[in-house]
Amino acid sequence: MYVATTPTINQQYLAFLNGALAKGLIEVINNVVYDSTGTYIYCYLYNYQYAAGQYSTAYSIGYNATTKVFSIEDFRANHPMIGVTWYGAAVYSNWLSGQAGLSACYNLITWVCDFTRNGYRLPTEAEWEYAARGGQNEPYYSFP
């Protein structure tokens with residue numbers, strides 16, 4: 001198993017969002033990206049309104065409802081993507097697998113991961129812990 005050494009950045013997730021929108025696979029409601037059925041939240045966008053009517057500018061990707069295009073709203077195109085749900089990460093993994101000519105790991109109806117496929121996926125808890133330890137079991141590195 002390999003784990004990415006850098007996080008997914010806003011510009012990369014933006015490419016996924018614009019591609020998925022063009023195919024009708026997602027919809028935007030109140031600055032929240034959902035699957036096409038409006039059931040699963042994939043991510044939150046710039047100016048998302050949270051509790052007490054406050055607007056968040058923590059998220060860098062915005063959506064123009066008139067032009068139907070996602071874009072970077074600030075200077076953070078190369079910063080890590082935040083505001084992504086597990087569903088948004090899983091569907092992005094499938095998209096990234098397709099871009100690389102690999103087999104998608106997630107069934108987007110049941111959300112079950114097929115570990116026999118060669119595509120990108122999220123690490124399991126045990127895989128994440130092993131990677132966070134620097135690949136060591138015994139002795140653990142103090143600062144991997």
# chains A, B, ... in the order shown; residues from 1 in each chain; ligands from 1
$ residues_around --residues "stretch 7-14 of chain A" --least-positions-apart "2" --cutoff "7 Å" --atoms "only C-alpha atoms" --output "PyMOL selection string"
chain A and resi 5+16-18+60-61+70-71+77-81
$ atom_distance --atom1 "atom CA of A:Val3" --atom2 "atom CA of A:Tyr59"
24.6 Å
$ atom_distance --atom1 "atom CA of A:Tyr40" --atom2 "atom CA of A:Thr6"
26.0 Å
$ select_by_dssp --residues "stretch 18-110 of chain A" --states "helix (DSSP H, G or I)" --output "mmCIF file with C-alpha atoms, in the first residue's frame"
data_model
loop_
_atom_site.group_PDB
_atom_site.id
_atom_site.type_symbol
_atom_site.label_atom_id
_atom_site.label_comp_id
_atom_site.auth_asym_id
_atom_site.auth_seq_id
_atom_site.Cartn_x
_atom_site.Cartn_y
_atom_site.Cartn_z
ATOM 1 C CA ASN A 18 -16.153 21.168 -12.614
ATOM 2 C CA GLY A 19 -15.903 17.772 -14.336
ATOM 3 C CA ALA A 20 -18.629 16.253 -12.154
ATOM 4 C CA LEU A 21 -20.874 19.290 -12.669
ATOM 5 C CA ALA A 22 -20.501 19.074 -16.456
ATOM 6 C CA ALA A 51 -25.317 28.499 12.363
ATOM 7 C CA ALA A 52 -26.551 31.933 13.428
ATOM 8 C CA GLY A 53 -26.487 33.242 9.858
ATOM 9 C CA TRP A 86 -16.045 11.270 3.705
ATOM 10 C CA TYR A 87 -18.424 10.918 0.744
ATOM 11 C CA GLY A 88 -16.679 13.770 -1.064
ATOM 12 C CA ALA A 89 -13.299 12.153 -0.482
ATOM 13 C CA ALA A 90 -14.533 8.757 -1.694
ATOM 14 C CA VAL A 91 -16.058 10.125 -4.904
ATOM 15 C CA TYR A 92 -12.924 12.218 -5.517
ATOM 16 C CA SER A 93 -10.847 9.029 -5.109
ATOM 17 C CA ASN A 94 -12.972 7.335 -7.778
ATOM 18 C CA TRP A 95 -12.590 10.335 -10.097
ATOM 19 C CA LEU A 96 -8.828 10.439 -9.549
ATOM 20 C CA SER A 97 -8.647 6.695 -10.271
ATOM 21 C CA GLY A 98 -10.446 7.278 -13.576
ATOM 22 C CA GLN A 99 -8.039 10.087 -14.482
#
$ atom_distance --atom1 "atom CA of A:Ser36" --atom2 "atom CA of A:Glu73"
23.7 Å
$ select_by_dssp --residues "stretch 4-144 of chain A" --states "strand (DSSP E)" --output "ChimeraX atom specification"
/A:26-29,32-35,41-44,48-49,55-56,61-64,69-72
$ residues_around --residues "A:Ser56" --least-positions-apart "5" --cutoff "12 Å" --atoms "only C-alpha atoms" --output "MDAnalysis selection string"
chainID A and resid 31:32 44:51 61:62 83
